[in-house]
>>> print(open('entry20.pdb').read())   # PDB, C-alpha atoms, pLDDT in the B column
ATOM      1  CA  MET A 105      59.318   3.023  46.278  1.00 48.00           C
ATOM      2  CA  THR A 106      58.750   5.593  43.563  1.00 48.00           C
ATOM      3  CA  GLU A 107      56.215   8.335  43.833  1.00 50.00           C
ATOM      4  CA  GLU A 108      54.080   8.983  40.809  1.00 49.00           C
ATOM      5  CA  LYS A 109      53.705  12.593  39.939  1.00 53.00           C
ATOM      6  CA  ALA A 110      50.022  13.514  39.777  1.00 57.00           C
ATOM      7  CA  ALA A 111      48.918  15.365  36.686  1.00 59.00           C
ATOM      8  CA  PRO A 112      47.990  18.976  37.376  1.00 68.00           C
ATOM      9  CA  VAL A 113      44.289  19.745  37.567  1.00 71.00           C
ATOM     10  CA  ALA A 114      43.051  21.994  34.765  1.00 76.00           C
ATOM     11  CA  VAL A 115      41.064  25.101  35.510  1.00 82.00           C
ATOM     12  CA  ILE A 116      38.213  24.600  33.079  1.00 84.00           C
ATOM     13  CA  SER A 117      35.728  27.123  34.460  1.00 83.00           C
ATOM     14  CA  GLU A 118      35.712  30.576  35.981  1.00 83.00           C
ATOM     15  CA  GLN A 119      33.296  32.084  38.472  1.00 83.00           C
ATOM     16  CA  THR A 120      30.794  34.715  37.387  1.00 79.00           C
ATOM     17  CA  GLU A 121      28.643  37.016  39.475  1.00 77.00           C
ATOM     18  CA  ALA A 122      25.798  36.998  36.972  1.00 76.00           C
ATOM     19  CA  HIS A 123      23.439  34.143  36.126  1.00 78.00           C
ATOM     20  CA  ARG A 124      23.077  32.644  39.620  1.00 78.00           C
ATOM     21  CA  LYS A 125      26.862  32.352  39.782  1.00 84.00           C
ATOM     22  CA  ILE A 126      26.856  29.557  37.195  1.00 90.00           C
ATOM     23  CA  PRO A 127      30.517  28.994  36.342  1.00 92.00           C
ATOM     24  CA  LYS A 128      31.582  29.955  32.835  1.00 93.00           C
ATOM     25  CA  VAL A 129      33.439  27.205  30.989  1.00 94.00           C
ATOM     26  CA  VAL A 130      36.833  28.068  29.499  1.00 93.00           C
ATOM     27  CA  PHE A 131      36.952  27.516  25.750  1.00 94.00           C
ATOM     28  CA  ILE A 132      39.909  25.315  24.874  1.00 93.00           C
ATOM     29  CA  ASP A 133      41.382  27.060  21.866  1.00 93.00           C
ATOM     30  CA  ASN A 134      44.575  24.999  21.674  1.00 93.00           C
ATOM     31  CA  ALA A 135      43.496  21.422  22.363  1.00 93.00           C
ATOM     32  CA  GLU A 136      46.958  20.004  21.673  1.00 92.00           C
ATOM     33  CA  ALA A 137      48.608  22.146  24.365  1.00 92.00           C
ATOM     34  CA  TRP A 138      45.874  21.376  26.909  1.00 92.00           C
ATOM     35  CA  VAL A 139      46.013  17.620  26.249  1.00 92.00           C
ATOM     36  CA  ASP A 140      49.834  17.640  26.432  1.00 91.00           C
ATOM     37  CA  LYS A 141      49.726  19.487  29.765  1.00 90.00           C
ATOM     38  CA  TYR A 142      46.812  17.720  31.508  1.00 90.00           C
ATOM     39  CA  GLY A 143      46.318  14.448  29.637  1.00 90.00           C
ATOM     40  CA  ASP A 144      43.358  13.597  27.457  1.00 89.00           C
ATOM     41  CA  ASP A 145      41.610  11.202  29.857  1.00 92.00           C
ATOM     42  CA  ALA A 146      41.866  13.459  32.930  1.00 92.00           C
ATOM     43  CA  LEU A 147      40.834  16.541  30.980  1.00 94.00           C
ATOM     44  CA  PHE A 148      37.930  14.735  29.308  1.00 93.00           C
ATOM     45  CA  GLN A 149      36.779  13.437  32.696  1.00 94.00           C
ATOM     46  CA  GLN A 150      36.827  16.966  34.154  1.00 94.00           C
ATOM     47  CA  MET A 151      34.868  18.302  31.194  1.00 95.00           C
ATOM     48  CA  ASN A 152      32.366  15.470  31.480  1.00 95.00           C
ATOM     49  CA  GLU A 153      31.814  16.215  35.191  1.00 95.00           C
ATOM     50  CA  LEU A 154      31.218  19.882  34.377  1.00 95.00           C
ATOM     51  CA  TYR A 155      28.874  18.865  31.557  1.00 97.00           C
ATOM     52  CA  GLN A 156      26.836  16.670  33.928  1.00 97.00           C
ATOM     53  CA  LYS A 157      26.578  19.555  36.416  1.00 95.00           C
ATOM     54  CA  TYR A 158      25.375  21.867  33.664  1.00 96.00           C
ATOM     55  CA  LYS A 159      22.745  19.342  32.561  1.00 97.00           C
ATOM     56  CA  PHE A 160      21.513  19.024  36.165  1.00 96.00           C
ATOM     57  CA  MET A 161      21.312  22.820  36.488  1.00 95.00           C
ATOM     58  CA  GLU A 162      19.432  22.971  33.188  1.00 96.00           C
ATOM     59  CA  THR A 163      16.843  20.520  34.513  1.00 97.00           C
ATOM     60  CA  GLN A 164      16.406  22.518  37.720  1.00 96.00           C
ATOM     61  CA  LEU A 165      16.055  25.815  35.864  1.00 96.00           C
ATOM     62  CA  ALA A 166      13.556  24.316  33.410  1.00 97.00           C
ATOM     63  CA  ARG A 167      11.481  23.139  36.367  1.00 97.00           C
ATOM     64  CA  ALA A 168      11.641  26.599  37.959  1.00 96.00           C
ATOM     65  CA  ARG A 169      10.629  28.206  34.650  1.00 97.00           C
ATOM     66  CA  GLN A 170       7.637  25.878  34.405  1.00 97.00           C
ATOM     67  CA  ASN A 171       6.590  26.739  37.975  1.00 95.00           C
ATOM     68  CA  PHE A 172       6.669  30.454  37.159  1.00 95.00           C
ATOM     69  CA  LYS A 173       4.668  29.886  33.978  1.00 95.00           C
ATOM     70  CA  VAL A 174       1.998  28.117  36.046  1.00 94.00           C
ATOM     71  CA  LYS A 175       2.071  30.720  38.811  1.00 94.00           C
ATOM     72  CA  LEU A 176       1.669  33.797  36.593  1.00 96.00           C
ATOM     73  CA  PRO A 177      -1.844  33.020  35.255  1.00 96.00           C
ATOM     74  CA  ASP A 178      -3.000  32.117  38.780  1.00 94.00           C
ATOM     75  CA  ILE A 179      -1.785  35.451  40.148  1.00 95.00           C
ATOM     76  CA  LYS A 180      -3.433  37.318  37.254  1.00 96.00           C
ATOM     77  CA  LYS A 181      -6.759  35.513  37.778  1.00 95.00           C
ATOM     78  CA  THR A 182      -6.676  36.263  41.494  1.00 94.00           C
ATOM     79  CA  GLN A 183      -5.809  39.884  40.803  1.00 96.00           C
ATOM     80  CA  ASP A 184      -8.717  40.170  38.334  1.00 95.00           C
ATOM     81  CA  MET A 185     -11.097  38.671  40.903  1.00 91.00           C
ATOM     82  CA  VAL A 186      -9.974  41.082  43.617  1.00 93.00           C
ATOM     83  CA  LYS A 187     -10.371  43.988  41.161  1.00 94.00           C
ATOM     84  CA  MET A 188     -13.914  42.819  40.433  1.00 90.00           C
ATOM     85  CA  LEU A 189     -14.659  42.637  44.175  1.00 89.00           C
ATOM     86  CA  SER A 190     -13.204  46.111  44.625  1.00 90.00           C
ATOM     87  CA  ASP A 191     -15.287  47.518  41.754  1.00 89.00           C
ATOM     88  CA  ARG A 192     -18.423  45.835  43.149  1.00 87.00           C
ATOM     89  CA  HIS A 193     -17.639  47.141  46.651  1.00 87.00           C
ATOM     90  CA  ALA A 194     -17.595  50.705  45.271  1.00 86.00           C
ATOM     91  CA  THR A 195     -21.219  50.372  44.083  1.00 85.00           C
ATOM     92  CA  GLU A 196     -24.392  50.122  46.154  1.00 81.00           C
ATOM     93  CA  GLU A 197     -24.780  46.423  45.270  1.00 80.00           C
ATOM     94  CA  LYS A 198     -21.791  45.252  47.321  1.00 79.00           C
ATOM     95  CA  SER A 199     -22.470  41.502  47.153  1.00 81.00           C
ATOM     96  CA  LEU A 200     -22.351  39.225  44.151  1.00 83.00           C
ATOM     97  CA  GLU A 201     -23.674  35.899  42.953  1.00 87.00           C
ATOM     98  CA  ALA A 202     -21.116  33.327  41.840  1.00 86.00           C
ATOM     99  CA  ASN A 203     -20.949  29.755  40.608  1.00 90.00           C
ATOM    100  CA  PHE A 204     -18.036  27.724  41.876  1.00 84.00           C
ATOM    101  CA  LEU A 205     -16.765  24.240  41.214  1.00 87.00           C
ATOM    102  CA  LEU A 206     -17.203  21.772  44.077  1.00 88.00           C
ATOM    103  CA  SER A 207     -15.790  18.777  42.219  1.00 90.00           C
ATOM    104  CA  ASP A 208     -15.725  17.507  38.636  1.00 89.00           C
ATOM    105  CA  ASN A 209     -18.969  18.593  36.950  1.00 90.00           C
ATOM    106  CA  ILE A 210     -20.600  19.714  40.209  1.00 93.00           C
ATOM    107  CA  TRP A 211     -21.189  23.434  40.558  1.00 92.00           C
ATOM    108  CA  ALA A 212     -22.822  25.408  43.343  1.00 93.00           C
ATOM    109  CA  LYS A 213     -24.282  28.909  43.506  1.00 93.00           C
ATOM    110  CA  ALA A 214     -23.084  31.228  46.207  1.00 90.00           C
ATOM    111  CA  HIS A 215     -24.056  34.620  47.502  1.00 88.00           C
ATOM    112  CA  VAL A 216     -20.793  36.416  48.372  1.00 82.00           C
ATOM    113  CA  PRO A 217     -21.220  39.340  50.764  1.00 84.00           C
ATOM    114  CA  ASN A 218     -18.699  42.119  50.284  1.00 83.00           C
ATOM    115  CA  ALA A 219     -19.839  44.779  52.758  1.00 84.00           C
ATOM    116  CA  ASP A 220     -16.602  44.976  54.772  1.00 88.00           C
ATOM    117  CA  GLY A 221     -14.271  45.371  51.748  1.00 89.00           C
ATOM    118  CA  LYS A 222     -11.979  42.532  52.757  1.00 91.00           C
ATOM    119  CA  VAL A 223     -10.802  39.394  51.015  1.00 92.00           C
ATOM    120  CA  GLY A 224      -8.960  36.269  52.128  1.00 92.00           C
ATOM    121  CA  LEU A 225      -5.888  35.235  50.094  1.00 93.00           C
ATOM    122  CA  TRP A 226      -4.244  31.820  50.266  1.00 90.00           C
ATOM    123  CA  LEU A 227      -0.542  32.305  50.929  1.00 85.00           C
ATOM    124  CA  GLY A 228       0.347  28.618  50.764  1.00 83.00           C
ATOM    125  CA  ALA A 229       1.048  25.950  53.365  1.00 90.00           C
ATOM    126  CA  ASN A 230      -2.656  26.006  54.328  1.00 91.00           C
ATOM    127  CA  VAL A 231      -2.433  29.656  55.389  1.00 94.00           C
ATOM    128  CA  MET A 232      -5.066  32.229  54.482  1.00 94.00           C
ATOM    129  CA  VAL A 233      -4.757  35.885  55.434  1.00 95.00           C
ATOM    130  CA  GLU A 234      -7.478  38.504  55.315  1.00 94.00           C
ATOM    131  CA  TYR A 235      -6.559  41.741  53.528  1.00 95.00           C
ATOM    132  CA  THR A 236      -8.405  44.901  52.650  1.00 95.00           C
ATOM    133  CA  LEU A 237      -9.167  45.001  48.930  1.00 94.00           C
ATOM    134  CA  LYS A 238      -6.532  47.720  48.362  1.00 95.00           C
ATOM    135  CA  ASP A 239      -3.848  45.820  50.307  1.00 96.00           C
ATOM    136  CA  ALA A 240      -4.713  42.616  48.443  1.00 96.00           C
ATOM    137  CA  LEU A 241      -4.369  44.362  45.071  1.00 96.00           C
ATOM    138  CA  ASP A 242      -1.035  45.874  46.145  1.00 97.00           C
ATOM    139  CA  LEU A 243       0.254  42.482  47.299  1.00 96.00           C
ATOM    140  CA  LEU A 244      -0.898  40.721  44.131  1.00 96.00           C
ATOM    141  CA  SER A 245       0.648  43.434  41.923  1.00 97.00           C
ATOM    142  CA  LYS A 246       3.950  43.063  43.765  1.00 97.00           C
ATOM    143  CA  ASN A 247       3.792  39.250  43.534  1.00 95.00           C
ATOM    144  CA  LEU A 248       3.018  39.427  39.814  1.00 96.00           C
ATOM    145  CA  GLN A 249       5.919  41.789  39.178  1.00 97.00           C
ATOM    146  CA  ASN A 250       8.305  39.600  41.201  1.00 96.00           C
ATOM    147  CA  ALA A 251       7.192  36.442  39.376  1.00 96.00           C
ATOM    148  CA  GLU A 252       7.638  38.116  35.969  1.00 96.00           C
ATOM    149  CA  GLU A 253      11.125  39.324  36.960  1.00 96.00           C
ATOM    150  CA  LYS A 254      12.094  35.869  38.240  1.00 96.00           C
ATOM    151  CA  LEU A 255      10.802  34.261  35.048  1.00 96.00           C
ATOM    152  CA  ALA A 256      12.857  36.662  32.919  1.00 96.00           C
ATOM    153  CA  GLU A 257      15.933  36.010  35.098  1.00 95.00           C
ATOM    154  CA  THR A 258      15.430  32.254  34.823  1.00 96.00           C
ATOM    155  CA  GLU A 259      15.073  32.508  31.024  1.00 96.00           C
ATOM    156  CA  GLY A 260      18.359  34.445  30.897  1.00 95.00           C
ATOM    157  CA  ASP A 261      20.067  31.840  33.081  1.00 95.00           C
ATOM    158  CA  ILE A 262      18.811  29.025  30.835  1.00 96.00           C
ATOM    159  CA  ASP A 263      20.159  30.809  27.740  1.00 96.00           C
ATOM    160  CA  PHE A 264      23.549  31.330  29.431  1.00 95.00           C
ATOM    161  CA  LEU A 265      23.589  27.700  30.548  1.00 96.00           C
ATOM    162  CA  LYS A 266      22.833  26.459  27.029  1.00 96.00           C
ATOM    163  CA  ASP A 267      25.861  28.417  25.772  1.00 96.00           C
ATOM    164  CA  GLN A 268      28.020  26.795  28.459  1.00 95.00           C
ATOM    165  CA  ILE A 269      26.721  23.331  27.569  1.00 97.00           C
ATOM    166  CA  THR A 270      27.488  23.895  23.888  1.00 97.00           C
ATOM    167  CA  THR A 271      31.002  25.158  24.664  1.00 96.00           C
ATOM    168  CA  THR A 272      31.602  22.168  26.949  1.00 96.00           C
ATOM    169  CA  GLU A 273      30.437  19.744  24.243  1.00 97.00           C
ATOM    170  CA  VAL A 274      32.811  21.371  21.736  1.00 97.00           C
ATOM    171  CA  ASN A 275      35.659  21.193  24.262  1.00 95.00           C
ATOM    172  CA  MET A 276      34.948  17.510  24.920  1.00 96.00           C
ATOM    173  CA  ALA A 277      34.951  16.719  21.195  1.00 96.00           C
ATOM    174  CA  ARG A 278      38.221  18.584  20.653  1.00 95.00           C
ATOM    175  CA  ILE A 279      39.878  16.856  23.629  1.00 94.00           C
ATOM    176  CA  TYR A 280      38.689  13.437  22.456  1.00 94.00           C
ATOM    177  CA  ASN A 281      39.869  14.058  18.889  1.00 93.00           C
ATOM    178  CA  GLN A 282      43.254  15.306  20.108  1.00 93.00           C
ATOM    179  CA  GLY A 283      43.627  12.223  22.315  1.00 92.00           C
ATOM    180  CA  VAL A 284      42.884   9.962  19.334  1.00 91.00           C
ATOM    181  CA  ALA A 285      45.353  11.912  17.180  1.00 91.00           C
ATOM    182  CA  ASN A 286      48.056  11.624  19.865  1.00 90.00           C
ATOM    183  CA  LYS A 287      47.527   7.852  20.138  1.00 89.00           C
ATOM    184  CA  GLN A 288      47.727   7.499  16.370  1.00 88.00           C
ATOM    185  CA  LYS A 289      50.949   9.540  16.300  1.00 86.00           C
ATOM    186  CA  LYS A 290      52.368   7.257  18.979  1.00 85.00           C
ATOM    187  CA  GLU A 291      51.407   4.170  16.987  1.00 84.00           C
ATOM    188  CA  GLY A 292      52.565   5.709  13.699  1.00 79.00           C
ATOM    189  CA  THR A 293      49.142   5.499  12.061  1.00 77.00           C
ATOM    190  CA  TYR A 294      48.299   9.199  12.147  1.00 65.00           C
ATOM    191  CA  LYS A 295      47.174  10.747   8.853  1.00 71.00           C
ATOM    192  CA  GLU A 296      46.723  14.472   8.448  1.00 69.00           C
TER
END
>>> encode(input="entry20.pdb", output="structure tokens")
Amino acid sequence: MTEEKAAPVAVISEQTEAHRKIPKVVFIDNAEAWVDKYGDDALFQQMNELYQKYKFMETQLARARQNFKVKLPDIKKTQDMVKMLSDRHATEEKSLEANFLLSDNIWAKAHVPNADGKVGLWLGANVMVEYTLKDALDLLSKNLQNAEEKLAETEGDIDFLKDQITTTEVNMARIYNQGVANKQKKEGTYKE
């Protein structure tokens, strides 16, 4: 019984602390040496697995970016409304008249009292909390700043990820081409 020696596993990525700890792919500068050491099929398979992981991460980050882009205008609109309530509360005419949408094409008029200087904000998961107008503005300002920072961070991560995907695609092409060249050399049909 003979034992087959397993090919060593290539280290094709390195950990980073930045960009949500997305691993950075190693650029294969000498494809011939890498293919000779690890084998073209095994190395290509590893690169393909990494490529698929990157594509999955790209999809997740694109979804997160879209969520932030939807969230930002909502936060700004809410912040503007609370500012208007705060401005109105500072005058003698504390209440206001408003039209609001009940369902498609059905509007209703409302008289909104604002004597106590408080507002209810939806936090999500069917939870509403009552805040003073100042506290609500502070919370909305903080939420807006956090959402803008997260959006910028996500954009940076997507850019980094696109670079890794491109490098991985180049590596895969170089590995494949080197494997073809090695097979042609073996068969004696290689042309430079």
>>> residues_around(input="entry20.pdb", residues="A:Ala251", least_positions_apart="2", cutoff="9 Å", atoms="all atoms listed in the file", output="ChimeraX atom specification")
/A:172-173,175-176,246-249,253-256
>>> resolve_selection(input="entry20.pdb", expression="the PyMOL selection byres ((chain A and resi 200) around 8)", output="MDAnalysis selection string")
chainID A and resid 192 197:199 201:202 215:218
>>> residues_around(input="entry20.pdb", residues="A:Thr272", least_positions_apart="2", cutoff="12 Å", atoms="only C-alpha atoms", output="JSON, numbers by chain")
{"A": [116, 117, 127, 128, 129, 130, 131, 132, 147, 148, 149, 150, 151, 152, 153, 154, 155, 156, 157, 158, 159, 265, 266, 267, 268, 269, 270, 274, 275, 276, 277, 278, 279]}
>>> residues_around(input="entry20.pdb", residues="A:Asp140", least_positions_apart="5", cutoff="12 Å", atoms="only C-alpha atoms", output="list in words")
Ala111, Pro112, Ala114, Asn134, Ala135, Asp145, Ala146, Leu147, Ile279, Gln282, Gly283, Ala285, Asn286 and Lys287 of chain A
>>> atom_distance(input="entry20.pdb", atom1="atom CA of A:Ser190", atom2="atom CA of A:Leu237")
6.0 Å
>>> residues_around(input="entry20.pdb", residues="A:Glu257", least_positions_apart="3", cutoff="12 Å", atoms="all atoms listed in the file", output="list in words")
Ala122, His123, Arg124, Leu165, Ala168, Arg169, Phe172, Asn250, Ala251, Glu252, Glu253, Lys254, Gly260, Asp261, Ile262, Asp263 and Phe264 of chain A
>>> write_last_selection(input="entry20.pdb", atoms="C-alpha atoms", output="PDB file, keeping the file's coordinate frame")
ATOM      1  CA  ALA A 122      25.798  36.998  36.972  1.00 76.00           C
ATOM      2  CA  HIS A 123      23.439  34.143  36.126  1.00 78.00           C
ATOM      3  CA  ARG A 124      23.077  32.644  39.620  1.00 78.00           C
ATOM      4  CA  LEU A 165      16.055  25.815  35.864  1.00 96.00           C
ATOM      5  CA  ALA A 168      11.641  26.599  37.959  1.00 96.00           C
ATOM      6  CA  ARG A 169      10.629  28.206  34.650  1.00 97.00           C
ATOM      7  CA  PHE A 172       6.669  30.454  37.159  1.00 95.00           C
ATOM      8  CA  ASN A 250       8.305  39.600  41.201  1.00 96.00           C
ATOM      9  CA  ALA A 251       7.192  36.442  39.376  1.00 96.00           C
ATOM     10  CA  GLU A 252       7.638  38.116  35.969  1.00 96.00           C
ATOM     11  CA  GLU A 253      11.125  39.324  36.960  1.00 96.00           C
ATOM     12  CA  LYS A 254      12.094  35.869  38.240  1.00 96.00           C
ATOM     13  CA  GLY A 260      18.359  34.445  30.897  1.00 95.00           C
ATOM     14  CA  ASP A 261      20.067  31.840  33.081  1.00 95.00           C
ATOM     15  CA  ILE A 262      18.811  29.025  30.835  1.00 96.00           C
ATOM     16  CA  ASP A 263      20.159  30.809  27.740  1.00 96.00           C
ATOM     17  CA  PHE A 264      23.549  31.330  29.431  1.00 95.00           C
TER      18      PHE A 264
END
>>> axis_aligned_box(input="entry20.pdb", around="stretch 238-256 of chain A", padding_each_side="3 Å", output="AutoDock Vina command-line options")
--center_x 3.2 --center_y 41.0 --center_z 41.6 --size_x 25.4 --size_y 19.5 --size_z 23.4
>>> residues_around(input="entry20.pdb", residues="A:Leu243", least_positions_apart="2", cutoff="12 Å", atoms="all atoms listed in the file", output="PDB file with C-alpha atoms, in the frame of the given file")
ATOM      1  CA  ILE A 179      -1.785  35.451  40.148  1.00 95.00           C
ATOM      2  CA  LYS A 180      -3.433  37.318  37.254  1.00 96.00           C
ATOM      3  CA  THR A 182      -6.676  36.263  41.494  1.00 94.00           C
ATOM      4  CA  GLN A 183      -5.809  39.884  40.803  1.00 96.00           C
ATOM      5  CA  VAL A 186      -9.974  41.082  43.617  1.00 93.00           C
ATOM      6  CA  LEU A 225      -5.888  35.235  50.094  1.00 93.00           C
ATOM      7  CA  TRP A 226      -4.244  31.820  50.266  1.00 90.00           C
ATOM      8  CA  LEU A 227      -0.542  32.305  50.929  1.00 85.00           C
ATOM      9  CA  VAL A 233      -4.757  35.885  55.434  1.00 95.00           C
ATOM     10  CA  GLU A 234      -7.478  38.504  55.315  1.00 94.00           C
ATOM     11  CA  TYR A 235      -6.559  41.741  53.528  1.00 95.00           C
ATOM     12  CA  THR A 236      -8.405  44.901  52.650  1.00 95.00           C
ATOM     13  CA  LEU A 237      -9.167  45.001  48.930  1.00 94.00           C
ATOM     14  CA  LYS A 238      -6.532  47.720  48.362  1.00 95.00           C
ATOM     15  CA  ASP A 239      -3.848  45.820  50.307  1.00 96.00           C
ATOM     16  CA  ALA A 240      -4.713  42.616  48.443  1.00 96.00           C
ATOM     17  CA  LEU A 241      -4.369  44.362  45.071  1.00 96.00           C
ATOM     18  CA  SER A 245       0.648  43.434  41.923  1.00 97.00           C
ATOM     19  CA  LYS A 246       3.950  43.063  43.765  1.00 97.00           C
ATOM     20  CA  ASN A 247       3.792  39.250  43.534  1.00 95.00           C
ATOM     21  CA  LEU A 248       3.018  39.427  39.814  1.00 96.00           C
ATOM     22  CA  GLN A 249       5.919  41.789  39.178  1.00 97.00           C
ATOM     23  CA  ASN A 250       8.305  39.600  41.201  1.00 96.00           C
TER      24      ASN A 250
END
>>> closest_residue(input="entry20.pdb", among="A:Val139, A:Val223, A:Met232, A:Leu205", to="A:Lys187", atoms="all atoms listed in the file")
A:Val223
>>> closest_residue(input="entry20.pdb", among="A:Tyr142, A:Glu259, A:Ser207, A:Val174", to="A:Glu162", atoms="only C-alpha atoms")
A:Glu259
>>> atom_distance(input="entry20.pdb", atom1="atom CA of A:Gly228", atom2="atom CA of A:Gln170")
18.1 Å
>>> closest_residue(input="entry20.pdb", among="A:Leu244, A:Gln164, A:Thr120, A:Ala137", to="A:Met185", atoms="only C-alpha atoms")
A:Leu244
>>> build_atoms(input="entry20.pdb", residues="stretch 234-252 of chain A", atoms="N, CA, C and O atoms", output="mmCIF file, keeping the file's coordinate frame")
data_model
loop_
_atom_site.group_PDB
_atom_site.id
_atom_site.type_symbol
_atom_site.label_atom_id
_atom_site.label_comp_id
_atom_site.auth_asym_id
_atom_site.auth_seq_id
_atom_site.Cartn_x
_atom_site.Cartn_y
_atom_site.Cartn_z
ATOM 1 N N GLU A 234 -6.467 37.554 55.748
ATOM 2 C CA GLU A 234 -7.478 38.504 55.315
ATOM 3 C C GLU A 234 -6.820 39.862 55.080
ATOM 4 O O GLU A 234 -6.070 40.351 55.927
ATOM 5 N N TYR A 235 -7.105 40.446 53.913
ATOM 6 C CA TYR A 235 -6.559 41.741 53.528
ATOM 7 C C TYR A 235 -7.717 42.663 53.152
ATOM 8 O O TYR A 235 -8.771 42.196 52.722
ATOM 9 N N THR A 236 -7.465 43.967 53.260
ATOM 10 C CA THR A 236 -8.405 44.901 52.650
ATOM 11 C C THR A 236 -8.238 44.754 51.142
ATOM 12 O O THR A 236 -7.201 44.263 50.662
ATOM 13 N N LEU A 237 -9.239 45.154 50.389
ATOM 14 C CA LEU A 237 -9.167 45.001 48.930
ATOM 15 C C LEU A 237 -7.966 45.742 48.352
ATOM 16 O O LEU A 237 -7.271 45.237 47.473
ATOM 17 N N LYS A 238 -7.680 46.944 48.857
ATOM 18 C CA LYS A 238 -6.532 47.720 48.362
ATOM 19 C C LYS A 238 -5.222 47.008 48.683
ATOM 20 O O LYS A 238 -4.351 46.884 47.821
ATOM 21 N N ASP A 239 -5.077 46.527 49.918
ATOM 22 C CA ASP A 239 -3.848 45.820 50.307
ATOM 23 C C ASP A 239 -3.669 44.532 49.492
ATOM 24 O O ASP A 239 -2.557 44.185 49.103
ATOM 25 N N ALA A 240 -4.782 43.848 49.237
ATOM 26 C CA ALA A 240 -4.713 42.616 48.443
ATOM 27 C C ALA A 240 -4.247 42.914 47.021
ATOM 28 O O ALA A 240 -3.398 42.206 46.463
ATOM 29 N N LEU A 241 -4.789 43.981 46.428
ATOM 30 C CA LEU A 241 -4.369 44.362 45.071
ATOM 31 C C LEU A 241 -2.893 44.750 45.045
ATOM 32 O O LEU A 241 -2.163 44.396 44.116
ATOM 33 N N ASP A 242 -2.452 45.496 46.067
ATOM 34 C CA ASP A 242 -1.035 45.874 46.145
ATOM 35 C C ASP A 242 -0.144 44.638 46.252
ATOM 36 O O ASP A 242 0.874 44.534 45.553
ATOM 37 N N LEU A 243 -0.526 43.705 47.115
ATOM 38 C CA LEU A 243 0.254 42.482 47.299
ATOM 39 C C LEU A 243 0.296 41.664 46.007
ATOM 40 O O LEU A 243 1.368 41.191 45.593
ATOM 41 N N LEU A 244 -0.847 41.513 45.362
ATOM 42 C CA LEU A 244 -0.898 40.721 44.131
ATOM 43 C C LEU A 244 -0.105 41.388 43.007
ATOM 44 O O LEU A 244 0.572 40.708 42.229
ATOM 45 N N SER A 245 -0.146 42.715 42.936
ATOM 46 C CA SER A 245 0.648 43.434 41.923
ATOM 47 C C SER A 245 2.139 43.215 42.159
ATOM 48 O O SER A 245 2.895 42.977 41.216
ATOM 49 N N LYS A 246 2.538 43.284 43.424
ATOM 50 C CA LYS A 246 3.950 43.063 43.765
ATOM 51 C C LYS A 246 4.357 41.619 43.458
ATOM 52 O O LYS A 246 5.425 41.372 42.891
ATOM 53 N N ASN A 247 3.496 40.659 43.809
ATOM 54 C CA ASN A 247 3.792 39.250 43.534
ATOM 55 C C ASN A 247 3.881 38.979 42.033
ATOM 56 O O ASN A 247 4.743 38.221 41.583
ATOM 57 N N LEU A 248 2.997 39.597 41.268
ATOM 58 C CA LEU A 248 3.018 39.427 39.814
ATOM 59 C C LEU A 248 4.306 39.995 39.224
ATOM 60 O O LEU A 248 4.956 39.345 38.396
ATOM 61 N N GLN A 249 4.686 41.172 39.670
ATOM 62 C CA GLN A 249 5.919 41.789 39.178
ATOM 63 C C GLN A 249 7.134 40.930 39.542
ATOM 64 O O GLN A 249 8.011 40.689 38.698
ATOM 65 N N ASN A 250 7.186 40.446 40.777
ATOM 66 C CA ASN A 250 8.305 39.600 41.201
ATOM 67 C C ASN A 250 8.374 38.311 40.385
ATOM 68 O O ASN A 250 9.451 37.878 39.978
ATOM 69 N N ALA A 251 7.219 37.688 40.143
ATOM 70 C CA ALA A 251 7.192 36.442 39.376
ATOM 71 C C ALA A 251 7.642 36.680 37.937
ATOM 72 O O ALA A 251 8.385 35.870 37.371
ATOM 73 N N GLU A 252 7.213 37.799 37.338
ATOM 74 C CA GLU A 252 7.638 38.116 35.969
ATOM 75 C C GLU A 252 9.144 38.365 35.907
ATOM 76 O O GLU A 252 9.821 37.934 34.967
#
